[in-house]
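Encoded as structure tokens, the structure appears first; notes follow it.
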Amino acid sequence: MTTSVDATARPATQRLREETRDLHTAAEKGPYQAAMVMGRLPRAGYVAMLEQMLLVHRALEAGLERARAGSPAIARVVTREQYQEPYLLEDLAYFGIDPDAIEATGATRALVEEIERASNDPLTLLGMHYVLEGSNNGNRFIAKALMKAYDLTPPDGLCYMLPYGERQPEVWSAFKTNLDACGLGDEEVTTLVRAAEAMYRGIIAIHASLQERMAERV
Ligand code: HEM
């Protein structure tokens, strides 16, 4: 830890939540995401999202795993249960997709490169991870729409959307408690916030790229 801790500072999770609120709204209200939550996205669109997210999670989780030994914050906050690559592989197998044949969109390639550039910056990786881990809060609700729209019965095709089942609120609560207990200084939390912003922008761009790809293929 390089910066001092100000006892009056807002907890890291409060800053993350407050300072990325507008980006959350933008991610939630994008047409691709909105169609998914309304159960109006074609099934192929959902599967395409899982494909791109595999590439993102694979890069990020490999980075977190490599950084774990040298980063007390990652060691404290990130449990291996939070890695989503295995769930994505299960879902893609259910839909008959070969994970080695996935074609990344330009936006996915850009985000993966951004993650790889952060390989020596554990707090950037952690800030990015916060966004994906936090998205499980919304995914619980989206899963309900998907079950109906595609006639899915969990866990079939829904491992990624429901990684913790009923335990989701308690896993998220532990994530936040552990992050706030790291005692990160103001500048360090600013690094988390910048990284979270980058992840939100990357996911928004991926959704837009999938929307374009879908329009081209119709
Ligand atoms: C229609 C889509 C979405 C819905 C309905 C939704 C809904 C929610 C809900 C209900 C929460 C819990 C808020 C709370 O406990 O106060 C939440 C939190 C969160 N969501 Fe979403 N979400 C959506 C999309 C996304 C996307 C696409 C991302 C990431 C790119 C994302 C990232 C997060 C994060 C990081 C949090 C935690 C915020 C915090 O720090 O408390 N969400 N979302």
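Chains: A, B, ... in order of the structure tokens. Residues: from 1 per chain. Ligands: from 1, in order shown.
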
Contacts to ligand 1 at 10 Å cut-off (only C-alpha atoms and all ligand atoms) as an MDAnalysis selection string: chainID A and resid 12:21 23:38 127:142 169 172:173 176 196:204 206:207

Give the helix (DSSP H, G or I) residues of region 57-195 of chain A, as assigned by DSSP on the backbone, as a ChimeraX atom specification. /A:57-70,72-77,80-82,85-94,99-101,106-117,122-134,136-150,165-180,186-195

Given the selection you just returned, output its residues as a file containing C-alpha atoms, formatted as a compact mmCIF listing (two decimals), in the first residue's frame.
# COMPACT_ATOMS: atom_id res chain seq x y z
CA HIS A 57 -13.26 -13.37 -18.01
CA ARG A 58 -10.49 -15.65 -19.23
CA ALA A 59 -8.09 -12.70 -19.63
CA LEU A 60 -9.09 -11.01 -16.38
CA GLU A 61 -9.10 -14.13 -14.24
CA ALA A 62 -5.70 -15.23 -15.56
CA GLY A 63 -4.39 -11.76 -14.62
CA LEU A 64 -5.93 -11.91 -11.13
CA GLU A 65 -4.52 -15.37 -10.53
CA ARG A 66 -1.01 -14.29 -11.55
CA ALA A 67 -1.25 -11.13 -9.40
CA ARG A 68 -2.68 -12.90 -6.34
CA ALA A 69 0.63 -13.81 -4.66
CA GLY A 70 1.93 -10.22 -4.82
CA PRO A 72 -2.78 -8.53 -0.44
CA ALA A 73 -5.95 -6.85 -1.79
CA ILE A 74 -6.56 -9.52 -4.42
CA ALA A 75 -5.72 -12.28 -1.95
CA ARG A 76 -8.23 -10.85 0.52
CA VAL A 77 -11.10 -10.03 -1.83
CA ARG A 80 -11.57 -18.63 -6.76
CA GLU A 81 -15.32 -19.22 -6.58
CA GLN A 82 -15.68 -15.79 -8.21
CA GLU A 85 -14.63 -18.96 -16.80
CA PRO A 86 -15.77 -22.46 -15.71
CA TYR A 87 -19.44 -21.38 -15.64
CA LEU A 88 -19.17 -19.83 -19.09
CA LEU A 89 -17.58 -23.01 -20.45
CA GLU A 90 -20.44 -25.05 -19.01
CA ASP A 91 -23.06 -22.78 -20.58
CA LEU A 92 -21.32 -22.77 -23.95
CA ALA A 93 -21.09 -26.58 -23.85
CA TYR A 94 -24.83 -26.67 -23.14
CA PRO A 99 -14.94 -22.24 -27.10
CA ASP A 100 -11.85 -22.41 -29.34
CA ALA A 101 -13.85 -21.23 -32.35
CA GLY A 106 -13.23 -5.60 -32.14
CA ALA A 107 -14.58 -4.27 -28.84
CA THR A 108 -13.78 -7.55 -27.09
CA ARG A 109 -10.24 -7.53 -28.48
CA ALA A 110 -9.78 -3.96 -27.25
CA LEU A 111 -10.98 -4.82 -23.75
CA VAL A 112 -8.84 -7.95 -23.55
CA GLU A 113 -5.81 -5.87 -24.59
CA GLU A 114 -6.65 -3.30 -21.92
CA ILE A 115 -6.81 -6.09 -19.32
CA GLU A 116 -3.49 -7.50 -20.52
CA ARG A 117 -1.85 -4.07 -20.32
CA PRO A 122 -3.27 -5.50 -9.37
CA LEU A 123 -5.60 -2.68 -8.31
CA THR A 124 -6.64 -2.05 -11.91
CA LEU A 125 -7.43 -5.75 -12.29
CA LEU A 126 -9.39 -5.64 -9.02
CA GLY A 127 -11.39 -2.57 -10.09
CA MET A 128 -12.29 -4.31 -13.33
CA HIS A 129 -13.27 -7.44 -11.44
CA TYR A 130 -15.58 -5.39 -9.17
CA VAL A 131 -17.76 -4.57 -12.19
CA LEU A 132 -18.12 -8.16 -13.36
CA GLU A 133 -18.67 -9.49 -9.85
CA GLY A 134 -21.20 -6.72 -9.13
CA ASN A 136 -24.25 -10.73 -10.69
CA ASN A 137 -26.69 -8.54 -8.74
CA GLY A 138 -28.58 -7.73 -11.92
CA ASN A 139 -27.98 -11.09 -13.57
CA ARG A 140 -30.20 -12.76 -10.99
CA PHE A 141 -33.14 -10.80 -12.34
CA ILE A 142 -32.14 -11.11 -15.99
CA ALA A 143 -31.94 -14.90 -15.54
CA LYS A 144 -35.65 -14.99 -14.77
CA ALA A 145 -36.42 -13.34 -18.14
CA LEU A 146 -34.05 -15.72 -19.93
CA MET A 147 -35.60 -18.81 -18.34
CA LYS A 148 -38.93 -17.77 -19.77
CA ALA A 149 -37.69 -16.52 -23.14
CA TYR A 150 -35.55 -19.59 -23.97
CA GLY A 165 -27.83 -19.31 -6.71
CA GLU A 166 -29.56 -18.15 -3.54
CA ARG A 167 -26.20 -17.26 -1.95
CA GLN A 168 -25.65 -14.29 -4.26
CA PRO A 169 -26.52 -11.52 -1.73
CA GLU A 170 -24.23 -12.98 0.93
CA VAL A 171 -21.33 -13.50 -1.52
CA TRP A 172 -21.67 -9.88 -2.70
CA SER A 173 -21.85 -8.64 0.87
CA ALA A 174 -18.64 -10.53 1.75
CA PHE A 175 -16.93 -9.11 -1.36
CA LYS A 176 -17.75 -5.56 -0.25
CA THR A 177 -16.77 -6.17 3.40
CA ASN A 178 -13.43 -7.64 2.35
CA LEU A 179 -12.72 -4.82 -0.11
CA ASP A 180 -13.45 -2.14 2.48
CA ASP A 186 -7.63 7.53 -1.57
CA GLU A 187 -5.35 7.27 -4.61
CA GLU A 188 -5.60 3.52 -4.60
CA VAL A 189 -9.39 3.70 -4.55
CA THR A 190 -9.20 6.19 -7.42
CA THR A 191 -7.29 3.51 -9.36
CA LEU A 192 -10.13 1.05 -8.64
CA VAL A 193 -12.71 3.59 -9.82
CA ARG A 194 -10.81 4.34 -13.07
CA ALA A 195 -10.51 0.63 -13.75

Using only C-alpha atoms, which residue out of A:Leu184, A:Leu50, A:Ala104, A:Val56 lies closest to Cys159 (chain A)? A:Leu50

As a CSV table (one decimal) with N, CA and C atoms, in the first residue's frame, please: the residues near Met214 (chain A) (cut-off 12 Å, only C-alpha atoms, same-chain neighbours under 4 positions excluded).
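Written output follows (out-v8.csv):
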chain,number,residue,atom,x,y,z
A,32,TYR,N,-29.0,-3.7,-26.2
A,32,TYR,CA,-28.8,-5.1,-26.2
A,32,TYR,C,-29.2,-5.7,-24.8
A,41,LEU,N,-34.3,-10.6,-26.6
A,41,LEU,CA,-33.1,-10.9,-27.4
A,41,LEU,C,-33.2,-12.3,-27.9
A,42,PRO,N,-32.9,-12.5,-29.2
A,42,PRO,CA,-32.9,-13.9,-29.7
A,42,PRO,C,-31.9,-14.7,-29.0
A,43,ARG,N,-32.2,-16.0,-28.9
A,43,ARG,CA,-31.3,-16.9,-28.1
A,43,ARG,C,-29.9,-16.8,-28.6
A,44,ALA,N,-29.7,-16.7,-29.9
A,44,ALA,CA,-28.3,-16.6,-30.5
A,44,ALA,C,-27.6,-15.3,-29.9
A,45,GLY,N,-28.4,-14.3,-29.6
A,45,GLY,CA,-27.8,-13.1,-29.1
A,45,GLY,C,-27.3,-13.3,-27.7
A,46,TYR,N,-28.0,-14.1,-26.9
A,46,TYR,CA,-27.6,-14.4,-25.5
A,46,TYR,C,-26.3,-15.3,-25.6
A,47,VAL,N,-26.3,-16.2,-26.5
A,47,VAL,CA,-25.2,-17.1,-26.6
A,47,VAL,C,-23.9,-16.3,-27.1
A,48,ALA,N,-24.2,-15.4,-28.0
A,48,ALA,CA,-23.0,-14.5,-28.5
A,48,ALA,C,-22.5,-13.7,-27.3
A,49,MET,N,-23.3,-13.3,-26.4
A,49,MET,CA,-22.8,-12.5,-25.3
A,49,MET,C,-22.0,-13.4,-24.4
A,105,THR,N,-15.2,-9.9,-31.1
A,105,THR,CA,-15.5,-8.6,-31.8
A,105,THR,C,-14.3,-7.7,-31.6
A,207,HIS,N,-21.4,-4.9,-26.0
A,207,HIS,CA,-22.9,-5.0,-26.3
A,207,HIS,C,-23.2,-4.3,-27.6
A,208,ALA,N,-22.6,-3.1,-27.8
A,208,ALA,CA,-22.9,-2.4,-29.1
A,208,ALA,C,-22.3,-3.2,-30.3
A,209,SER,N,-21.2,-3.8,-30.1
A,209,SER,CA,-20.6,-4.6,-31.2
A,209,SER,C,-21.4,-5.8,-31.5
A,210,LEU,N,-22.0,-6.4,-30.5
A,210,LEU,CA,-22.9,-7.6,-30.8
A,210,LEU,C,-24.2,-7.2,-31.4
A,218,VAL,N,-28.7,-10.4,-40.0
A,218,VAL,CA,-30.1,-10.7,-40.2
A,218,VAL,C,-30.5,-10.7,-41.7

Hey, what's within 8 Å of Ile102 (chain A) if we count only C-alpha atoms and toss same-chain stuff fewer than 3 positions away? As a list in words, please? Glu51, Gln52, Asp98 and Pro99 of chain A

Requested write-out: N, CA and C atoms of the selected residues, as a JSON list (two decimals), in the first residue's frame:
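Saved to out-v4.json:
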[["chain", "number", "residue", "atom", "x", "y", "z"],
["A", 51, "GLU", "N", -20.24, -15.95, -25.32],
["A", 51, "GLU", "CA", -18.96, -16.19, -26.03],
["A", 51, "GLU", "C", -17.97, -15.06, -25.75],
["A", 52, "GLN", "N", -18.45, -13.82, -25.92],
["A", 52, "GLN", "CA", -17.54, -12.68, -25.73],
["A", 52, "GLN", "C", -17.11, -12.57, -24.27],
["A", 98, "ASP", "N", -18.17, -24.45, -29.51],
["A", 98, "ASP", "CA", -16.76, -24.77, -29.32],
["A", 98, "ASP", "C", -16.04, -23.50, -28.86],
["A", 99, "PRO", "N", -15.54, -23.48, -27.62],
["A", 99, "PRO", "CA", -14.94, -22.24, -27.10],
["A", 99, "PRO", "C", -13.69, -21.82, -27.87]]

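Here CA of Asp156 (chain A) and CA of Thr79 (chain A) stand 23.8 Å from one another.
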
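Relative to CA of Leu55 (chain A), CA of Glu103 (chain A) is found at 9.6 Å.
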